[in-house]
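Structure file input_27.pdb; described as PDB, C-alpha atoms, pLDDT in the B column.
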ATOM      1  CA  MET F  13       0.000   0.000   0.000  1.00 50.00           C
ATOM      2  CA  ALA F  14       1.219   3.515  -0.790  1.00 73.00           C
ATOM      3  CA  ASP F  15       1.899   5.949   2.029  1.00 93.00           C
ATOM      4  CA  PRO F  16      -1.632   6.756   3.274  1.00 95.00           C
ATOM      5  CA  ILE F  17      -0.731  10.242   4.510  1.00 96.00           C
ATOM      6  CA  ASN F  18       0.609  11.301   1.120  1.00 96.00           C
ATOM      7  CA  ALA F  19      -2.265   9.577  -0.690  1.00 96.00           C
ATOM      8  CA  PHE F  20      -4.766  11.414   1.533  1.00 97.00           C
ATOM      9  CA  ARG F  21      -2.966  14.746   0.996  1.00 97.00           C
ATOM     10  CA  GLU F  22      -3.050  14.201  -2.782  1.00 97.00           C
ATOM     11  CA  ALA F  23      -6.782  13.410  -2.679  1.00 97.00           C
ATOM     12  CA  ILE F  24      -7.373  16.663  -0.778  1.00 97.00           C
ATOM     13  CA  ARG F  25      -5.219  18.638  -3.218  1.00 96.00           C
ATOM     14  CA  THR F  26      -7.080  17.126  -6.163  1.00 96.00           C
ATOM     15  CA  GLY F  27     -10.479  17.820  -4.608  1.00 96.00           C
ATOM     16  CA  LEU F  28      -9.847  21.292  -3.199  1.00 96.00           C
ATOM     17  CA  GLY F  29      -6.798  22.649  -5.015  1.00 94.00           C
ATOM     18  CA  ASN F  30      -4.790  22.893  -1.789  1.00 94.00           C
ATOM     19  CA  ALA F  31      -3.930  20.647   1.153  1.00 96.00           C
ATOM     20  CA  PRO F  32      -2.166  21.011   4.491  1.00 95.00           C
ATOM     21  CA  LEU F  33       1.576  20.390   4.527  1.00 92.00           C
ATOM     22  CA  GLU F  34       1.389  18.381   7.741  1.00 95.00           C
ATOM     23  CA  ILE F  35      -1.314  15.835   8.486  1.00 97.00           C
ATOM     24  CA  GLU F  36      -1.271  14.153  11.873  1.00 97.00           C
ATOM     25  CA  PRO F  37      -3.475  11.045  11.919  1.00 97.00           C
ATOM     26  CA  GLY F  38      -6.370  11.248  14.357  1.00 95.00           C
ATOM     27  CA  ARG F  39      -6.287  15.045  14.486  1.00 95.00           C
ATOM     28  CA  PHE F  40      -8.712  17.527  12.931  1.00 94.00           C
ATOM     29  CA  HIS F  41      -6.853  20.080  10.764  1.00 95.00           C
ATOM     30  CA  ARG F  42      -7.881  23.442   9.304  1.00 95.00           C
ATOM     31  CA  PHE F  43      -6.012  24.917   6.342  1.00 95.00           C
ATOM     32  CA  PRO F  44      -6.365  27.546   3.585  1.00 95.00           C
ATOM     33  CA  THR F  45      -7.989  26.695   0.287  1.00 92.00           C
ATOM     34  CA  ASN F  46      -7.053  30.012  -1.279  1.00 87.00           C
ATOM     35  CA  GLU F  47      -4.304  32.603  -1.010  1.00 82.00           C
ATOM     36  CA  ARG F  48      -6.187  34.922   1.357  1.00 85.00           C
ATOM     37  CA  ARG F  49      -4.535  35.659   4.665  1.00 84.00           C
ATOM     38  CA  GLY F  50      -6.293  33.967   7.559  1.00 87.00           C
ATOM     39  CA  ASP F  51      -8.288  31.609   5.344  1.00 89.00           C
ATOM     40  CA  LEU F  52      -9.029  28.384   7.219  1.00 92.00           C
ATOM     41  CA  ALA F  53     -12.023  27.176   5.226  1.00 93.00           C
ATOM     42  CA  GLY F  54     -10.410  23.815   4.470  1.00 95.00           C
ATOM     43  CA  TRP F  55     -10.622  20.984   6.951  1.00 95.00           C
ATOM     44  CA  CYS F  56      -9.533  17.370   7.116  1.00 96.00           C
ATOM     45  CA  LYS F  57      -9.088  14.429   9.415  1.00 96.00           C
ATOM     46  CA  LEU F  58      -7.126  11.299   8.578  1.00 96.00           C
ATOM     47  CA  PHE F  59      -8.357   8.543  10.851  1.00 94.00           C
ATOM     48  CA  ALA F  60      -5.846   7.184  13.358  1.00 93.00           C
ATOM     49  CA  ASP F  61      -5.946   3.736  11.734  1.00 91.00           C
ATOM     50  CA  LEU F  62      -4.891   5.337   8.399  1.00 93.00           C
ATOM     51  CA  ARG F  63      -7.642   3.463   6.544  1.00 90.00           C
ATOM     52  CA  GLY F  64      -9.688   6.532   5.665  1.00 93.00           C
ATOM     53  CA  GLY F  65     -10.392  10.159   6.276  1.00 95.00           C
ATOM     54  CA  VAL F  66     -12.659  13.066   5.505  1.00 95.00           C
ATOM     55  CA  TYR F  67     -11.973  16.496   4.067  1.00 96.00           C
ATOM     56  CA  GLY F  68     -13.752  19.503   2.705  1.00 95.00           C
ATOM     57  CA  CYS F  69     -14.104  23.243   2.427  1.00 95.00           C
ATOM     58  CA  MET F  70     -16.643  25.172   4.475  1.00 91.00           C
ATOM     59  CA  ARG F  71     -16.691  28.079   2.034  1.00 91.00           C
ATOM     60  CA  GLN F  72     -17.346  25.855  -0.991  1.00 91.00           C
ATOM     61  CA  GLY F  73     -19.745  23.560   0.888  1.00 91.00           C
ATOM     62  CA  VAL F  74     -17.650  20.523  -0.089  1.00 91.00           C
ATOM     63  CA  SER F  75     -17.425  17.407   2.088  1.00 92.00           C
ATOM     64  CA  GLU F  76     -15.742  14.197   0.904  1.00 94.00           C
ATOM     65  CA  ALA F  77     -14.808  10.834   2.374  1.00 93.00           C
ATOM     66  CA  TRP F  78     -11.582   9.078   1.364  1.00 95.00           C
ATOM     67  CA  ALA F  79     -10.542   5.438   1.815  1.00 92.00           C
ATOM     68  CA  ALA F  80      -7.005   4.103   1.569  1.00 90.00           C
ATOM     69  CA  ALA F  81      -8.287   0.917  -0.083  1.00 83.00           C
ATOM     70  CA  ASP F  82     -10.950   0.307  -2.681  1.00 82.00           C
ATOM     71  CA  ARG F  83     -14.204   0.045  -0.749  1.00 80.00           C
ATOM     72  CA  ARG F  84     -15.404  -2.780  -2.997  1.00 84.00           C
ATOM     73  CA  GLY F  85     -12.603  -4.949  -1.616  1.00 86.00           C
ATOM     74  CA  MET F  86     -13.445  -4.212   2.020  1.00 84.00           C
ATOM     75  CA  THR F  87     -15.234  -6.655   4.252  1.00 88.00           C
ATOM     76  CA  GLY F  88     -18.584  -5.673   5.706  1.00 90.00           C
ATOM     77  CA  ALA F  89     -16.902  -5.028   9.064  1.00 90.00           C
ATOM     78  CA  GLU F  90     -14.291  -2.774   7.441  1.00 87.00           C
ATOM     79  CA  ARG F  91     -16.968  -0.772   5.597  1.00 86.00           C
ATOM     80  CA  LEU F  92     -18.960  -0.425   8.814  1.00 88.00           C
ATOM     81  CA  ALA F  93     -15.879   0.788  10.712  1.00 88.00           C
ATOM     82  CA  LEU F  94     -15.148   3.336   7.970  1.00 87.00           C
ATOM     83  CA  THR F  95     -18.758   4.546   8.047  1.00 89.00           C
ATOM     84  CA  ARG F  96     -18.588   4.994  11.826  1.00 89.00           C
ATOM     85  CA  HIS F  97     -15.333   6.953  11.528  1.00 86.00           C
ATOM     86  CA  ILE F  98     -16.909   9.188   8.880  1.00 87.00           C
ATOM     87  CA  GLU F  99     -20.008   9.828  10.993  1.00 87.00           C
ATOM     88  CA  ALA F 100     -17.928  10.704  14.061  1.00 87.00           C
ATOM     89  CA  ALA F 101     -15.679  13.036  12.067  1.00 83.00           C
ATOM     90  CA  THR F 102     -18.708  14.707  10.476  1.00 83.00           C
ATOM     91  CA  LYS F 103     -20.166  15.408  13.931  1.00 84.00           C
ATOM     92  CA  GLU F 104     -16.790  16.760  15.084  1.00 83.00           C
ATOM     93  CA  ARG F 105     -16.583  19.091  12.056  1.00 80.00           C
ATOM     94  CA  GLU F 106     -20.117  20.348  12.625  1.00 79.00           C
ATOM     95  CA  ARG F 107     -19.412  20.950  16.304  1.00 81.00           C
ATOM     96  CA  ARG F 108     -16.194  22.843  15.507  1.00 76.00           C
ATOM     97  CA  HIS F 109     -17.960  24.906  12.855  1.00 69.00           C
ATOM     98  CA  ARG F 110     -20.620  26.012  15.370  1.00 68.00           C
ATOM     99  CA  ASP F 111     -18.059  26.976  18.043  1.00 61.00           C
TER     100      ASP F 111
END

As structure tokens - that is how I would like this structure written.
Amino acid sequence: MADPINAFREAIRTGLGNAPLEIEPGRFHRFPTNERRGDLAGWCKLFADLRGGVYGCMRQGVSEAWAAADRRGMTGAERLALTRHIEAATKERERRHRD
């Protein structure tokens, strides 16, 4: 398997045009998606198990899920675990956006 951190960063860059330089697994990150000073509209979280993550841009209204492996090849338990991670990260993003 390719380096999941770099693969996740590349997926973010492809989807949003920019990505954070540093991604710490298990941590929610904010980052700029444009060149404006103070822009932190971008967000991402690579799950601690490195099997998936979520990212998006609050300004653009974009929210995407990413998986390190092809979901079609995952077992039912692996897909369920990924879904639970995505739901928890979505709630975390919504909570952070309100605060």

Could you list, as a list in words, every residue matched by the PyMOL selection byres ((chain F and resi 41) around 9) in this structure? Pro32, Glu34, Ile35, Glu36, Arg39, Phe40, Arg42, Phe43, Gly54, Trp55, Cys56 and Lys57 of chain F

Residue by residue, what does the PyMOL selection byres ((chain F and resi 75-81) around 10) grab here? Present the result as JSON, numbers by chain. {"F": [13, 14, 15, 16, 17, 19, 20, 23, 24, 27, 54, 55, 56, 57, 58, 59, 62, 63, 64, 65, 66, 67, 68, 69, 70, 72, 73, 74, 82, 83, 84, 85, 86, 91, 94, 95, 97, 98, 101, 102]}

Using all atoms of range 91-107 of chain F that appear in the file, construct an axis-aligned enclosing box with 8 Å of padding on every side and provide its centre coordinates and edge lengths in Å, rounded to one decimal, as JSON.
{"center_x": -17.7, "center_y": 10.1, "center_z": 11.0, "size_x": 21.0, "size_y": 37.7, "size_z": 26.7}

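Counting all atoms listed in the file and comparing F:Arg71, F:Asp61, F:Arg105, F:Pro37, the residue that lies closest to Ala93 in chain F is F:Asp61.
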
Using the chain letters and numbers from the file, give me the residues hit by the PyMOL selection byres ((chain F and resi 44) around 8), as a PDB file with C-alpha atoms, keeping the file's coordinate frame.
ATOM      1  CA  ASN F  30      -4.790  22.893  -1.789  1.00 94.00           C
ATOM      2  CA  ALA F  31      -3.930  20.647   1.153  1.00 96.00           C
ATOM      3  CA  PRO F  32      -2.166  21.011   4.491  1.00 95.00           C
ATOM      4  CA  ARG F  42      -7.881  23.442   9.304  1.00 95.00           C
ATOM      5  CA  PHE F  43      -6.012  24.917   6.342  1.00 95.00           C
ATOM      6  CA  THR F  45      -7.989  26.695   0.287  1.00 92.00           C
ATOM      7  CA  ASN F  46      -7.053  30.012  -1.279  1.00 87.00           C
ATOM      8  CA  GLU F  47      -4.304  32.603  -1.010  1.00 82.00           C
ATOM      9  CA  ARG F  48      -6.187  34.922   1.357  1.00 85.00           C
ATOM     10  CA  GLY F  50      -6.293  33.967   7.559  1.00 87.00           C
ATOM     11  CA  ASP F  51      -8.288  31.609   5.344  1.00 89.00           C
ATOM     12  CA  LEU F  52      -9.029  28.384   7.219  1.00 92.00           C
ATOM     13  CA  ALA F  53     -12.023  27.176   5.226  1.00 93.00           C
ATOM     14  CA  GLY F  54     -10.410  23.815   4.470  1.00 95.00           C
TER      15      GLY F  54
END

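With only C-alpha atoms as the basis for measurement, F:Gly38 is the residue among F:Arg49, F:Gly29, F:Thr87, F:Gly38 that approaches Glu104 in chain F most closely.
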
Taking only C-alpha atoms, show chain F of the given structure as an mmCIF file, in the first residue's frame.
data_model
loop_
_atom_site.group_PDB
_atom_site.id
_atom_site.type_symbol
_atom_site.label_atom_id
_atom_site.label_comp_id
_atom_site.auth_asym_id
_atom_site.auth_seq_id
_atom_site.Cartn_x
_atom_site.Cartn_y
_atom_site.Cartn_z
ATOM 1 C CA MET F 13 0.000 0.000 0.000
ATOM 2 C CA ALA F 14 1.219 3.515 -0.790
ATOM 3 C CA ASP F 15 1.899 5.949 2.029
ATOM 4 C CA PRO F 16 -1.632 6.756 3.274
ATOM 5 C CA ILE F 17 -0.731 10.242 4.510
ATOM 6 C CA ASN F 18 0.609 11.301 1.120
ATOM 7 C CA ALA F 19 -2.265 9.577 -0.690
ATOM 8 C CA PHE F 20 -4.766 11.414 1.533
ATOM 9 C CA ARG F 21 -2.966 14.746 0.996
ATOM 10 C CA GLU F 22 -3.050 14.201 -2.782
ATOM 11 C CA ALA F 23 -6.782 13.410 -2.679
ATOM 12 C CA ILE F 24 -7.373 16.663 -0.778
ATOM 13 C CA ARG F 25 -5.219 18.638 -3.218
ATOM 14 C CA THR F 26 -7.080 17.126 -6.163
ATOM 15 C CA GLY F 27 -10.479 17.820 -4.608
ATOM 16 C CA LEU F 28 -9.847 21.292 -3.199
ATOM 17 C CA GLY F 29 -6.798 22.649 -5.015
ATOM 18 C CA ASN F 30 -4.790 22.893 -1.789
ATOM 19 C CA ALA F 31 -3.930 20.647 1.153
ATOM 20 C CA PRO F 32 -2.166 21.011 4.491
ATOM 21 C CA LEU F 33 1.576 20.390 4.527
ATOM 22 C CA GLU F 34 1.389 18.381 7.741
ATOM 23 C CA ILE F 35 -1.314 15.835 8.486
ATOM 24 C CA GLU F 36 -1.271 14.153 11.873
ATOM 25 C CA PRO F 37 -3.475 11.045 11.919
ATOM 26 C CA GLY F 38 -6.370 11.248 14.357
ATOM 27 C CA ARG F 39 -6.287 15.045 14.486
ATOM 28 C CA PHE F 40 -8.712 17.527 12.931
ATOM 29 C CA HIS F 41 -6.853 20.080 10.764
ATOM 30 C CA ARG F 42 -7.881 23.442 9.304
ATOM 31 C CA PHE F 43 -6.012 24.917 6.342
ATOM 32 C CA PRO F 44 -6.365 27.546 3.585
ATOM 33 C CA THR F 45 -7.989 26.695 0.287
ATOM 34 C CA ASN F 46 -7.053 30.012 -1.279
ATOM 35 C CA GLU F 47 -4.304 32.603 -1.010
ATOM 36 C CA ARG F 48 -6.187 34.922 1.357
ATOM 37 C CA ARG F 49 -4.535 35.659 4.665
ATOM 38 C CA GLY F 50 -6.293 33.967 7.559
ATOM 39 C CA ASP F 51 -8.288 31.609 5.344
ATOM 40 C CA LEU F 52 -9.029 28.384 7.219
ATOM 41 C CA ALA F 53 -12.023 27.176 5.226
ATOM 42 C CA GLY F 54 -10.410 23.815 4.470
ATOM 43 C CA TRP F 55 -10.622 20.984 6.951
ATOM 44 C CA CYS F 56 -9.533 17.370 7.116
ATOM 45 C CA LYS F 57 -9.088 14.429 9.415
ATOM 46 C CA LEU F 58 -7.126 11.299 8.578
ATOM 47 C CA PHE F 59 -8.357 8.543 10.851
ATOM 48 C CA ALA F 60 -5.846 7.184 13.358
ATOM 49 C CA ASP F 61 -5.946 3.736 11.734
ATOM 50 C CA LEU F 62 -4.891 5.337 8.399
ATOM 51 C CA ARG F 63 -7.642 3.463 6.544
ATOM 52 C CA GLY F 64 -9.688 6.532 5.665
ATOM 53 C CA GLY F 65 -10.392 10.159 6.276
ATOM 54 C CA VAL F 66 -12.659 13.066 5.505
ATOM 55 C CA TYR F 67 -11.973 16.496 4.067
ATOM 56 C CA GLY F 68 -13.752 19.503 2.705
ATOM 57 C CA CYS F 69 -14.104 23.243 2.427
ATOM 58 C CA MET F 70 -16.643 25.172 4.475
ATOM 59 C CA ARG F 71 -16.691 28.079 2.034
ATOM 60 C CA GLN F 72 -17.346 25.855 -0.991
ATOM 61 C CA GLY F 73 -19.745 23.560 0.888
ATOM 62 C CA VAL F 74 -17.650 20.523 -0.089
ATOM 63 C CA SER F 75 -17.425 17.407 2.088
ATOM 64 C CA GLU F 76 -15.742 14.197 0.904
ATOM 65 C CA ALA F 77 -14.808 10.834 2.374
ATOM 66 C CA TRP F 78 -11.582 9.078 1.364
ATOM 67 C CA ALA F 79 -10.542 5.438 1.815
ATOM 68 C CA ALA F 80 -7.005 4.103 1.569
ATOM 69 C CA ALA F 81 -8.287 0.917 -0.083
ATOM 70 C CA ASP F 82 -10.950 0.307 -2.681
ATOM 71 C CA ARG F 83 -14.204 0.045 -0.749
ATOM 72 C CA ARG F 84 -15.404 -2.780 -2.997
ATOM 73 C CA GLY F 85 -12.603 -4.949 -1.616
ATOM 74 C CA MET F 86 -13.445 -4.212 2.020
ATOM 75 C CA THR F 87 -15.234 -6.655 4.252
ATOM 76 C CA GLY F 88 -18.584 -5.673 5.706
ATOM 77 C CA ALA F 89 -16.902 -5.028 9.064
ATOM 78 C CA GLU F 90 -14.291 -2.774 7.441
ATOM 79 C CA ARG F 91 -16.968 -0.772 5.597
ATOM 80 C CA LEU F 92 -18.960 -0.425 8.814
ATOM 81 C CA ALA F 93 -15.879 0.788 10.712
ATOM 82 C CA LEU F 94 -15.148 3.336 7.970
ATOM 83 C CA THR F 95 -18.758 4.546 8.047
ATOM 84 C CA ARG F 96 -18.588 4.994 11.826
ATOM 85 C CA HIS F 97 -15.333 6.953 11.528
ATOM 86 C CA ILE F 98 -16.909 9.188 8.880
ATOM 87 C CA GLU F 99 -20.008 9.828 10.993
ATOM 88 C CA ALA F 100 -17.928 10.704 14.061
ATOM 89 C CA ALA F 101 -15.679 13.036 12.067
ATOM 90 C CA THR F 102 -18.708 14.707 10.476
ATOM 91 C CA LYS F 103 -20.166 15.408 13.931
ATOM 92 C CA GLU F 104 -16.790 16.760 15.084
ATOM 93 C CA ARG F 105 -16.583 19.091 12.056
ATOM 94 C CA GLU F 106 -20.117 20.348 12.625
ATOM 95 C CA ARG F 107 -19.412 20.950 16.304
ATOM 96 C CA ARG F 108 -16.194 22.843 15.507
ATOM 97 C CA HIS F 109 -17.960 24.906 12.855
ATOM 98 C CA ARG F 110 -20.620 26.012 15.370
ATOM 99 C CA ASP F 111 -18.059 26.976 18.043
#
